[in-house]
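Peer 1: Next comes coords-v9.csv, CSV, C-alpha atoms and all ligand atoms:
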chain,number,residue,atom,x,y,z
H,489,MET,CA,-163.0,-36.9,81.3
H,490,SER,CA,-164.7,-40.4,81.3
H,491,ASP,CA,-168.2,-38.9,80.5
H,492,GLU,CA,-167.1,-37.6,77.1
H,493,ARG,CA,-168.0,-39.5,74.0
H,494,ASP,CA,-165.3,-41.8,72.4
H,495,ALA,CA,-164.3,-39.6,69.4
H,496,THR,CA,-163.6,-36.8,71.9
H,497,LYS,CA,-161.7,-39.1,74.2
H,498,VAL,CA,-159.3,-40.4,71.6
H,499,VAL,CA,-158.4,-36.8,70.8
H,500,GLN,CA,-158.0,-35.6,74.4
H,501,ALA,CA,-157.1,-38.6,76.6
H,502,GLY,CA,-153.7,-38.9,78.1
H,503,ARG,CA,-152.6,-35.3,77.2
H,504,LYS,CA,-151.8,-34.2,80.7
H,505,PRO,CA,-150.2,-30.7,80.8
H,506,GLU,CA,-147.2,-32.0,82.8
H,507,TRP,CA,-146.5,-34.5,80.1
H,508,THR,CA,-147.1,-32.3,77.1
H,509,GLN,CA,-145.5,-29.1,78.5
H,510,GLY,CA,-148.0,-27.3,76.2
H,511,ILE,CA,-147.1,-29.1,73.0
H,512,VAL,CA,-150.2,-30.7,71.4
H,513,ASN,CA,-148.7,-34.2,71.0
H,514,PRO,CA,-146.9,-35.4,74.2
H,515,PRO,CA,-143.2,-35.4,73.0
H,516,VAL,CA,-140.8,-38.3,72.9
H,517,TRP,CA,-139.1,-38.6,76.3
H,518,ARG,CA,-136.3,-41.1,75.7
H,519,ALA,CA,-134.6,-42.4,78.8
H,520,SER,CA,-132.6,-45.2,80.4
H,521,THR,CA,-131.0,-43.4,83.4
H,522,ILE,CA,-133.0,-41.0,85.5
H,523,LEU,CA,-130.8,-38.8,87.7
H,524,TYR,CA,-131.5,-38.1,91.4
H,525,ASP,CA,-130.3,-35.2,93.5
H,526,SER,CA,-129.0,-37.3,96.4
H,527,VAL,CA,-128.6,-40.8,97.7
H,528,ALA,CA,-131.6,-40.2,100.0
H,529,GLU,CA,-133.8,-39.2,97.0
H,530,LEU,CA,-132.6,-42.2,95.0
H,531,ARG,CA,-133.5,-44.5,97.9
H,532,ALA,CA,-136.9,-42.8,98.5
H,533,ARG,CA,-137.9,-43.0,94.9
H,534,GLY,CA,-137.1,-46.7,94.8
H,535,ALA,CA,-139.2,-47.4,97.8
H,536,ALA,CA,-142.2,-45.5,96.7
H,537,ASP,CA,-144.8,-46.5,94.1
H,538,THR,CA,-143.2,-45.8,90.7
H,539,HIS,CA,-146.5,-45.7,88.8
H,540,HIS,CA,-146.2,-42.8,86.3
H,541,LYS,CA,-143.1,-41.5,88.1
H,542,LEU,CA,-139.7,-41.3,86.5
H,543,PHE,CA,-137.6,-44.0,88.0
H,544,TYR,CA,-135.7,-45.9,85.4
H,545,GLY,CA,-136.3,-46.1,81.6
H,546,ARG,CA,-137.7,-49.6,81.6
H,547,ARG,CA,-140.7,-48.3,83.7
H,548,GLY,CA,-141.5,-45.7,81.0
H,549,THR,CA,-141.6,-42.0,80.6
H,550,PRO,CA,-144.5,-39.6,80.0
H,551,THR,CA,-144.6,-40.7,76.4
H,552,GLN,CA,-145.6,-44.3,77.2
H,553,TRP,CA,-147.8,-43.2,80.2
H,554,SER,CA,-149.7,-40.9,78.0
H,555,LEU,CA,-150.7,-43.6,75.5
H,556,ALA,CA,-151.3,-46.1,78.3
H,557,ASP,CA,-153.6,-43.6,80.1
H,558,ALA,CA,-155.5,-42.8,76.9
H,559,LEU,CA,-156.2,-46.6,76.4
H,560,THR,CA,-157.3,-46.9,80.0
H,561,GLU,CA,-159.8,-44.1,79.5
H,562,LEU,CA,-161.4,-45.9,76.6
H,563,GLU,CA,-162.3,-48.8,78.9
H,564,PRO,CA,-164.7,-47.4,81.6
H,565,GLY,CA,-163.9,-49.1,84.9
H,566,ALA,CA,-160.4,-50.1,84.0
H,567,GLU,CA,-157.5,-49.6,86.5
H,568,ALA,CA,-154.5,-49.1,84.2
H,569,THR,CA,-152.8,-50.1,81.0
H,570,LEU,CA,-149.3,-51.4,80.2
H,571,LEU,CA,-147.6,-51.3,76.8
H,572,TYR,CA,-145.6,-54.1,75.1
H,573,PRO,CA,-143.3,-54.3,72.1
H,574,SER,CA,-145.9,-56.3,70.2
H,575,GLY,CA,-149.4,-57.7,70.5
H,576,VAL,CA,-148.0,-61.2,71.0
H,577,ALA,CA,-145.8,-59.9,73.9
H,578,ALA,CA,-148.9,-58.4,75.5
H,579,ILE,CA,-150.8,-61.7,75.2
H,580,ALA,CA,-147.9,-63.6,76.7
H,581,ALA,CA,-147.4,-61.2,79.6
H,582,ALA,CA,-151.2,-61.3,80.5
H,583,LEU,CA,-151.3,-65.1,80.4
H,584,LEU,CA,-148.1,-65.4,82.4
H,585,ALA,CA,-149.5,-63.0,85.0
H,586,VAL,CA,-152.5,-65.1,85.7
H,587,LEU,CA,-151.4,-68.8,85.2
H,588,ALA,CA,-149.1,-71.1,87.2
H,589,PRO,CA,-147.9,-74.7,86.8
H,590,GLY,CA,-150.8,-77.1,87.2
H,591,ASP,CA,-153.4,-74.6,86.0
H,592,GLN,CA,-155.7,-75.1,83.1
H,593,LEU,CA,-156.4,-72.5,80.4
H,594,LEU,CA,-159.5,-72.5,78.2
H,595,LEU,CA,-158.7,-71.0,74.8
H,596,ALA,CA,-161.0,-70.2,71.9
H,597,ASP,CA,-160.5,-72.5,69.0
H,598,ASN,CA,-160.5,-69.6,66.5
H,599,ALA,CA,-157.8,-67.7,68.3
H,600,TYR,CA,-154.9,-66.0,66.5
H,601,ASP,CA,-152.3,-68.7,65.6
H,602,PRO,CA,-149.4,-67.2,67.7
H,603,THR,CA,-151.7,-67.3,70.8
H,604,ARG,CA,-152.3,-71.0,70.1
H,605,ASN,CA,-148.5,-71.5,69.7
H,606,LEU,CA,-147.9,-69.8,73.0
H,607,ALA,CA,-150.3,-72.2,74.7
H,608,ASN,CA,-148.9,-75.3,73.0
H,609,GLY,CA,-145.3,-74.2,73.5
H,610,LEU,CA,-144.1,-72.1,76.4
H,611,LEU,CA,-147.3,-72.5,78.6
H,612,LYS,CA,-147.2,-76.3,78.1
H,613,ARG,CA,-143.5,-76.4,78.9
H,614,PHE,CA,-144.2,-74.7,82.2
H,615,GLY,CA,-146.9,-77.2,83.1
H,616,ILE,CA,-150.0,-75.3,82.1
H,617,GLU,CA,-152.6,-77.3,80.2
H,618,THR,CA,-154.8,-75.7,77.5
H,619,VAL,CA,-158.2,-76.9,76.5
H,620,PHE,CA,-159.5,-75.4,73.2
H,621,TYR,CA,-163.2,-74.6,73.1
H,622,ASP,CA,-165.8,-74.0,70.3
H,623,PRO,CA,-166.1,-70.2,70.0
H,624,LEU,CA,-169.9,-70.5,69.9
H,625,ILE,CA,-170.0,-72.4,73.2
H,626,GLY,CA,-171.5,-69.5,75.3
H,627,ALA,CA,-172.7,-70.6,78.7
H,628,GLY,CA,-171.8,-74.2,77.8
H,629,ILE,CA,-168.3,-73.3,78.8
H,630,ALA,CA,-169.3,-74.3,82.3
H,631,GLY,CA,-169.1,-77.9,81.2
H,632,LEU,CA,-165.3,-77.5,80.5
H,633,CYS,CA,-164.4,-75.8,83.7
H,634,THR,CA,-162.6,-77.8,86.3
H,635,GLU,CA,-161.0,-76.9,89.7
H,636,ARG,CA,-157.8,-76.3,87.8
H,637,THR,CA,-159.3,-73.9,85.3
H,638,ARG,CA,-157.7,-70.5,86.1
H,639,ALA,CA,-158.2,-68.5,82.9
H,640,ILE,CA,-160.4,-68.2,79.8
H,641,PHE,CA,-158.9,-66.5,76.8
H,642,MET,CA,-161.4,-65.2,74.2
H,643,GLU,CA,-160.9,-63.6,70.8
H,644,SER,CA,-164.1,-62.2,69.4
H,645,PRO,CA,-164.7,-62.2,66.5
H,646,GLY,CA,-161.9,-64.6,65.6
H,647,SER,CA,-159.6,-62.9,63.1
H,648,LEU,CA,-159.8,-65.6,60.4
H,649,THR,CA,-163.3,-66.9,60.6
H,650,PHE,CA,-165.1,-64.1,62.5
H,651,GLU,CA,-167.4,-66.2,64.9
H,652,VAL,CA,-168.6,-63.8,67.6
H,653,GLN,CA,-168.5,-65.2,71.2
H,654,ASP,CA,-171.1,-64.7,73.9
H,655,ILE,CA,-168.7,-62.8,76.1
H,656,PRO,CA,-171.2,-61.9,78.9
H,657,ALA,CA,-172.3,-65.6,79.2
H,658,ILE,CA,-168.7,-66.8,79.4
H,659,VAL,CA,-167.8,-64.0,81.9
H,660,ALA,CA,-170.8,-65.0,84.1
H,661,VAL,CA,-169.6,-68.6,84.2
H,662,ALA,CA,-166.0,-67.4,85.0
H,663,LYS,CA,-167.0,-64.9,87.7
H,664,ALA,CA,-169.1,-67.6,89.5
H,665,ARG,CA,-165.9,-69.8,89.7
H,666,GLY,CA,-163.3,-67.1,90.3
H,667,ILE,CA,-161.7,-67.7,86.8
H,668,THR,CA,-159.9,-64.8,85.2
H,669,THR,CA,-161.1,-63.7,81.7
H,670,LEU,CA,-158.9,-62.3,79.0
H,671,LEU,CA,-160.0,-60.9,75.6
H,672,ASP,CA,-158.0,-60.2,72.5
H,673,ASN,CA,-160.0,-57.1,71.5
H,674,THR,CA,-157.8,-56.2,68.5
H,675,TRP,CA,-160.6,-56.4,65.9
H,676,ALA,CA,-163.1,-54.1,67.6
H,677,THR,CA,-160.8,-52.0,69.8
H,678,PRO,CA,-162.5,-50.4,72.9
H,679,LEU,CA,-164.3,-48.0,70.5
H,680,LEU,CA,-166.5,-50.8,69.1
H,681,LEU,CA,-166.4,-53.1,72.1
H,682,PRO,CA,-165.6,-51.7,75.6
H,683,ALA,CA,-164.5,-55.0,77.2
H,684,ILE,CA,-164.0,-54.1,80.8
H,685,PRO,CA,-167.6,-53.0,81.3
H,686,LEU,CA,-168.6,-56.4,80.0
H,687,GLY,CA,-166.7,-58.0,82.9
H,688,ILE,CA,-163.5,-58.9,81.1
H,689,ASP,CA,-160.4,-58.8,83.5
H,690,TYR,CA,-157.8,-58.1,80.8
H,691,SER,CA,-158.5,-56.4,77.5
H,692,ILE,CA,-155.6,-56.9,75.1
H,693,LEU,CA,-154.8,-55.0,71.9
H,694,ALA,CA,-152.3,-55.6,69.1
H,695,CYS,CA,-151.9,-51.8,68.9
H,696,THR,CA,-149.9,-52.6,65.7
H,697,LYS,CA,-153.3,-52.8,64.0
H,698,TYR,CA,-155.9,-50.0,64.4
H,699,VAL,CA,-154.2,-47.9,67.2
H,700,VAL,CA,-151.0,-47.4,65.1
H,701,GLY,CA,-153.1,-47.5,61.9
H,702,HIS,CA,-150.2,-46.9,59.5
H,703,SER,CA,-148.5,-50.3,59.2
H,704,ASP,CA,-145.2,-49.0,60.6
H,705,VAL,CA,-144.9,-49.9,64.3
H,706,MET,CA,-145.2,-53.0,66.4
H,707,LEU,CA,-147.0,-52.3,69.7
H,708,GLY,CA,-149.3,-54.1,72.2
H,709,SER,CA,-151.3,-53.2,75.3
H,710,VAL,CA,-153.1,-54.9,78.2
H,711,THR,CA,-155.7,-52.9,80.0
H,712,ALA,CA,-156.6,-54.3,83.4
H,713,ALA,CA,-159.9,-54.1,85.2
H,714,ALA,CA,-160.1,-52.8,88.8
H,715,GLY,CA,-158.1,-55.0,91.1
H,716,GLN,CA,-156.3,-56.8,88.3
H,717,TYR,CA,-153.4,-54.5,87.6
H,718,GLN,CA,-150.9,-55.3,90.3
H,719,ARG,CA,-150.2,-58.9,89.2
H,720,LEU,CA,-149.9,-57.8,85.6
H,721,ARG,CA,-147.5,-55.1,86.5
H,722,ALA,CA,-145.4,-57.5,88.7
H,723,THR,CA,-145.1,-60.1,85.9
H,724,THR,CA,-144.4,-57.4,83.3
H,725,TYR,CA,-141.6,-56.0,85.3
H,726,GLN,CA,-140.1,-59.4,86.0
H,727,LEU,CA,-140.2,-60.2,82.3
H,728,GLY,CA,-138.5,-56.9,81.6
H,729,GLN,CA,-141.1,-55.9,79.1
H,730,THR,CA,-141.3,-52.3,77.9
H,731,ALA,CA,-142.3,-50.4,74.7
H,732,SER,CA,-140.0,-47.8,73.2
H,733,PRO,CA,-141.0,-44.1,73.6
H,734,ASP,CA,-140.7,-43.6,69.9
H,735,ASP,CA,-143.1,-46.4,69.2
H,736,ALA,CA,-145.5,-45.3,71.9
H,737,TRP,CA,-145.4,-41.8,70.4
H,738,LEU,CA,-146.4,-43.2,67.0
H,739,GLY,CA,-149.1,-45.2,68.7
H,740,ALA,CA,-150.5,-42.1,70.4
H,741,ARG,CA,-150.4,-40.2,67.1
H,742,GLY,CA,-152.4,-43.0,65.5
H,743,LEU,CA,-154.9,-43.1,68.3
H,744,ARG,CA,-155.9,-39.5,67.7
H,745,THR,CA,-157.5,-40.4,64.4
H,746,MET,CA,-158.7,-43.9,65.3
H,747,ALA,CA,-162.4,-43.1,65.6
H,748,VAL,CA,-162.7,-41.6,62.1
H,749,ARG,CA,-160.5,-44.2,60.6
H,750,LEU,CA,-162.5,-47.1,62.1
H,751,ASP,CA,-165.7,-45.5,61.0
H,752,GLN,CA,-164.4,-45.4,57.4
H,753,HIS,CA,-162.9,-48.9,57.5
H,754,GLY,CA,-166.2,-50.2,58.8
H,755,ARG,CA,-168.4,-48.5,56.2
H,756,SER,CA,-166.2,-49.5,53.3
H,757,ALA,CA,-165.9,-53.1,54.6
H,758,ARG,CA,-169.6,-53.4,55.1
H,759,LYS,CA,-170.3,-52.2,51.5
H,760,ILE,CA,-167.8,-54.6,50.0
H,761,ALA,CA,-169.0,-57.5,52.2
H,762,GLU,CA,-172.6,-56.9,51.0
H,763,TRP,CA,-171.5,-56.7,47.4
H,764,LEU,CA,-169.6,-60.0,47.7
H,765,THR,CA,-172.7,-61.8,49.1
H,766,GLY,CA,-174.4,-61.2,45.7
H,767,ARG,CA,-171.6,-62.8,43.7
H,768,PRO,CA,-171.9,-66.3,42.3
H,769,GLU,CA,-168.2,-67.0,42.8
H,770,VAL,CA,-168.6,-66.4,46.5
H,771,ALA,CA,-170.2,-69.1,48.7
H,772,ARG,CA,-170.3,-67.2,52.0
H,773,VAL,CA,-169.1,-63.9,53.5
H,774,LEU,CA,-167.8,-64.1,57.1
H,775,HIS,CA,-168.6,-60.6,58.4
H,776,PRO,CA,-170.1,-60.2,61.9
H,777,ALA,CA,-172.6,-57.6,60.7
H,778,LEU,CA,-174.1,-60.0,58.1
H,779,PRO,CA,-177.0,-62.0,59.5
H,780,ASP,CA,-175.6,-65.5,58.5
H,781,CYS,CA,-172.2,-64.9,60.4
H,782,PRO,CA,-172.1,-67.3,63.4
H,783,GLY,CA,-172.8,-65.2,66.5
H,784,HIS,CA,-174.4,-62.4,64.6
H,785,GLU,CA,-177.1,-61.8,67.2
H,786,THR,CA,-174.5,-61.6,69.9
H,787,PHE,CA,-172.6,-59.1,67.7
H,788,VAL,CA,-175.7,-56.9,67.3
H,789,ARG,CA,-176.3,-57.0,71.1
H,790,ASP,CA,-172.7,-56.3,72.3
H,791,PHE,CA,-170.8,-54.4,69.6
H,792,ARG,CA,-171.2,-50.7,68.5
H,793,GLY,CA,-170.2,-51.5,65.0
H,794,ALA,CA,-167.8,-53.5,62.8
H,795,SER,CA,-164.2,-52.7,61.8
H,796,GLY,CA,-162.6,-53.4,58.4
H,797,LEU,CA,-161.4,-57.0,58.5
H,798,PHE,CA,-163.5,-60.0,57.2
H,799,SER,CA,-163.2,-63.1,55.1
H,800,PHE,CA,-165.1,-64.8,52.3
H,801,VAL,CA,-165.4,-68.4,51.2
H,802,LEU,CA,-165.0,-69.1,47.5
H,803,ASN,CA,-167.5,-71.3,45.7
H,804,GLY,CA,-165.3,-74.3,44.9
H,805,GLY,CA,-161.9,-73.8,43.3
H,806,ASP,CA,-158.5,-74.8,44.5
H,807,GLU,CA,-155.3,-73.1,45.8
H,808,ALA,CA,-154.3,-72.1,42.3
H,809,ALA,CA,-157.7,-70.5,41.5
H,810,ARG,CA,-157.5,-68.6,44.8
H,811,ALA,CA,-154.0,-67.4,44.0
H,812,ALA,CA,-155.2,-66.2,40.6
H,813,LEU,CA,-157.7,-64.0,42.3
H,814,ILE,CA,-155.3,-62.6,44.9
H,815,ASP,CA,-152.1,-62.2,42.8
H,816,GLY,CA,-153.7,-60.0,40.2
H,817,LEU,CA,-155.3,-57.5,42.6
H,818,GLN,CA,-154.2,-53.9,42.0
H,819,HIS,CA,-155.3,-52.2,45.2
H,820,PHE,CA,-154.7,-55.0,47.7
H,821,GLY,CA,-151.3,-55.8,49.0
H,822,ILE,CA,-150.5,-59.4,49.9
H,823,GLY,CA,-149.1,-59.5,53.4
H,824,TYR,CA,-149.8,-60.2,57.1
H,825,SER,CA,-151.1,-57.8,59.7
H,826,TRP,CA,-154.0,-55.3,59.1
H,827,GLY,CA,-155.4,-52.1,60.6
H,828,GLY,CA,-153.3,-49.8,58.4
H,829,TYR,CA,-154.7,-47.4,55.8
H,830,GLU,CA,-154.0,-49.7,52.9
H,831,SER,CA,-156.0,-52.7,51.8
H,832,LEU,CA,-154.6,-56.3,52.0
H,833,ALA,CA,-155.7,-59.7,50.8
H,834,ILE,CA,-154.4,-63.1,52.0
H,835,PRO,CA,-155.3,-66.7,51.7
H,836,VAL,CA,-156.3,-68.3,55.0
H,837,ASP,CA,-156.7,-72.0,55.8
H,838,PRO,CA,-158.4,-72.3,59.2
H,839,GLN,CA,-158.5,-76.1,59.0
H,840,HIS,CA,-154.8,-76.1,60.0
H,841,HIS,CA,-155.4,-74.1,63.1
H,842,ARG,CA,-158.3,-75.9,64.9
H,843,THR,CA,-158.6,-78.8,67.2
H,844,ALA,CA,-161.9,-78.5,69.1
H,845,THR,CA,-164.0,-77.8,66.0
H,846,LYS,CA,-163.7,-78.8,62.4
H,847,TRP,CA,-163.6,-76.1,59.7
H,848,GLU,CA,-165.5,-77.2,56.6
H,849,ALA,CA,-166.3,-74.9,53.7
H,850,GLU,CA,-167.4,-74.9,50.1
H,851,GLY,CA,-164.0,-73.6,48.9
H,852,PRO,CA,-160.9,-71.8,49.9
H,853,LEU,CA,-161.0,-68.7,52.1
H,854,VAL,CA,-159.7,-65.2,51.4
H,855,ARG,CA,-159.3,-62.6,54.2
H,856,LEU,CA,-159.6,-58.9,53.3
H,857,GLN,CA,-158.4,-55.9,55.3
H,858,ILE,CA,-160.3,-53.0,53.8
H,859,GLY,CA,-158.2,-49.8,53.8
H,860,LEU,CA,-159.1,-46.2,53.3
H,861,GLU,CA,-159.1,-46.3,49.5
H,862,ASP,CA,-162.4,-45.6,47.7
H,863,ALA,CA,-164.7,-48.6,48.2
H,864,ASP,CA,-165.8,-48.6,44.6
H,865,ASP,CA,-162.2,-48.9,43.4
H,866,LEU,CA,-161.8,-51.9,45.7
H,867,ILE,CA,-165.0,-53.5,44.4
H,868,ALA,CA,-163.9,-53.1,40.8
H,869,ASP,CA,-160.6,-54.7,41.7
H,870,LEU,CA,-162.3,-57.6,43.4
H,871,GLU,CA,-164.7,-58.0,40.5
H,872,ALA,CA,-161.8,-58.5,38.1
H,873,GLY,CA,-160.2,-60.9,40.7
H,874,LEU,CA,-163.4,-63.0,40.9
H,875,ALA,CA,-163.4,-63.2,37.1
H,876,ARG,CA,-159.8,-64.5,37.2
H,877,PHE,CA,-160.8,-67.0,39.9
H,878,ALA,CA,-163.8,-68.2,37.8
H,879,LYS,CA,-161.6,-68.7,34.7
H,880,ALA,CA,-158.9,-70.6,36.7
H,881,ARG,CA,-161.6,-72.7,38.4
H,882,GLY,CA,-163.0,-73.7,35.0
H,901,LIG,C1,-151.8,-59.2,64.8
H,901,LIG,C2,-152.6,-59.8,65.9
H,901,LIG,C3,-152.0,-60.0,67.1
H,901,LIG,C4,-150.5,-59.9,67.4
H,901,LIG,O1,-150.1,-58.6,67.3
H,901,LIG,P1,-148.5,-58.3,66.9
H,901,LIG,O2,-148.4,-56.9,67.2
H,901,LIG,O3,-148.4,-58.6,65.4
H,901,LIG,O4,-147.7,-59.2,67.7
H,901,LIG,C5,-152.8,-60.5,68.1
H,901,LIG,N1,-154.1,-60.8,67.9
H,901,LIG,C6,-154.7,-60.6,66.8
H,901,LIG,C7,-156.1,-60.9,66.6
H,901,LIG,C8,-153.9,-60.1,65.7
H,901,LIG,O5,-154.5,-59.9,64.5
Will you turn the file into structure tokens for me?
Peer 2:
Amino acid sequence: MSDERDATKVVQAGRKPEWTQGIVNPPVWRASTILYDSVAELRARGAADTHHKLFYGRRGTPTQWSLADALTELEPGAEATLLYPSGVAAIAAALLAVLAPGDQLLLADNAYDPTRNLANGLLKRFGIETVFYDPLIGAGIAGLCTERTRAIFMESPGSLTFEVQDIPAIVAVAKARGITTLLDNTWATPLLLPAIPLGIDYSILACTKYVVGHSDVMLGSVTAAAGQYQRLRATTYQLGQTASPDDAWLGARGLRTMAVRLDQHGRSARKIAEWLTGRPEVARVLHPALPDCPGHETFVRDFRGASGLFSFVLNGGDEAARAALIDGLQHFGIGYSWGGYESLAIPVDPQHHRTATKWEAEGPLVRLQIGLEDADDLIADLEAGLARFAKARG
């Protein structure tokens, strides 16, 4: 099926007849115990490869395998995918699969804060050193690689400030040195950036966001390139990580509409971002499809489009003026996460989450998740918000 186009794949992938039994959506197979006919069969099943075979509930049922297989199909050249109870759990399992005490990790300075916390917490405690790098470093990352560097973790674009990394340049440096590469691909998903064909070893998604798409499930995934799956699986089994069949089922249901949702999120976000660039209250719009976003040329070269999350920098003003903008919004909720059908706005302060680079801006930052509401309603809402901001700024 891998020759089909993506919108077709998200509808069809993972729906094997033996898993669906003829039902359109693979049903929820809940299980802990799997029963065997005899002692001999129990022993034989334990000794064989249990990949996509019923063995014990923790190793999944057709419900989880169906979603995992569908995600694998979206990454041409991938070997297999494992699901996790959250995006952060997926990131942790992937990093623990490839790192050992004494190793060094290179981590993008604009990475999601919990990823930084994992590096500075658990990984550090287990003797793994993290060096943070400028997300715009590109091939210059060679200058940071040492004999101890075992992994490079990218997030592109960064989910607060949206710098786009030169993934192929970083991958080339890594491959020449036998360093494993991991990408948090939550913003683009494989539909806008197939990561495995770019040479990434582990493509990671917070499925909580666009795959689920309805703000009601926590779920993560790691898709491994050819030859990279076994160590991920071994570590994941040792950690006891598994995603519930009910959550996987909701993830699969979300996936079926992801192509049309992403398209709409992307178009509305682009329209709103462009509208914001013309506003005097706005100093800068951080959206990878806009020419002044750092890494824009790389974005145009590597990505098939943009999703619905971006930020903008206010022109002056303080915390209170920013809050006046956000608090009065009618169509934007105030809350973490994104990728659901509803719009969200939050204050973000990247200066607190950086060490390798310095964040300097003309004013405070607002991050928008553009949902599936009418874009013109969202623009009218933001227009009133910017007026509140200008009044509060004085
Ligand atoms: C939300 C998010 C995660 C973590 O996903 P959870 O499912 O919330 O644990 C990881 N990376 C990025 C970029 C995210 O936005």
Peer 1: Write as a count of residues only the residues around ligand LIG 901 (chain H), taking 9 Å as the cut-off and counting all atoms listed in the file.
Peer 2: 37
Peer 1: Quick one: pull the distance between atom CA of H:Phe877 and atom CA of H:Ala812, Å, one decimal.
Peer 2: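 About the pair atom CA of H:Phe877 and atom CA of H:Ala812: they are 5.7 Å apart.
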Peer 1: Please determine, counting all atoms listed in the file, which residue among H:Asn598, H:Pro779, H:Phe641, H:Pro682 has the shortest atom-to-atom distance to H:Gln839.
Peer 2: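 Looking only at the distances to H:Gln839, the closest residue turns out to be H:Asn598.
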Peer 1: Calculate how many Å separate atom CA of H:Gly590 from atom CA of H:Asn605, rounding to one decimal.
Peer 2: 18.5 Å
Peer 1: List the neighbours of H:Gly739 out to 7 Å using all atoms listed in the file; skip same-chain residues closer than 4 positions along the sequence, and give me the result as a list in words.
Peer 2: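 Result of the neighbour search: Val699, Val700, Asp735 and Leu743 of chain H.
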Peer 1: So how many Å separate atom CA of H:Tyr524 and atom CA of H:Gly502, to one decimal?
Peer 2: 25.9 Å
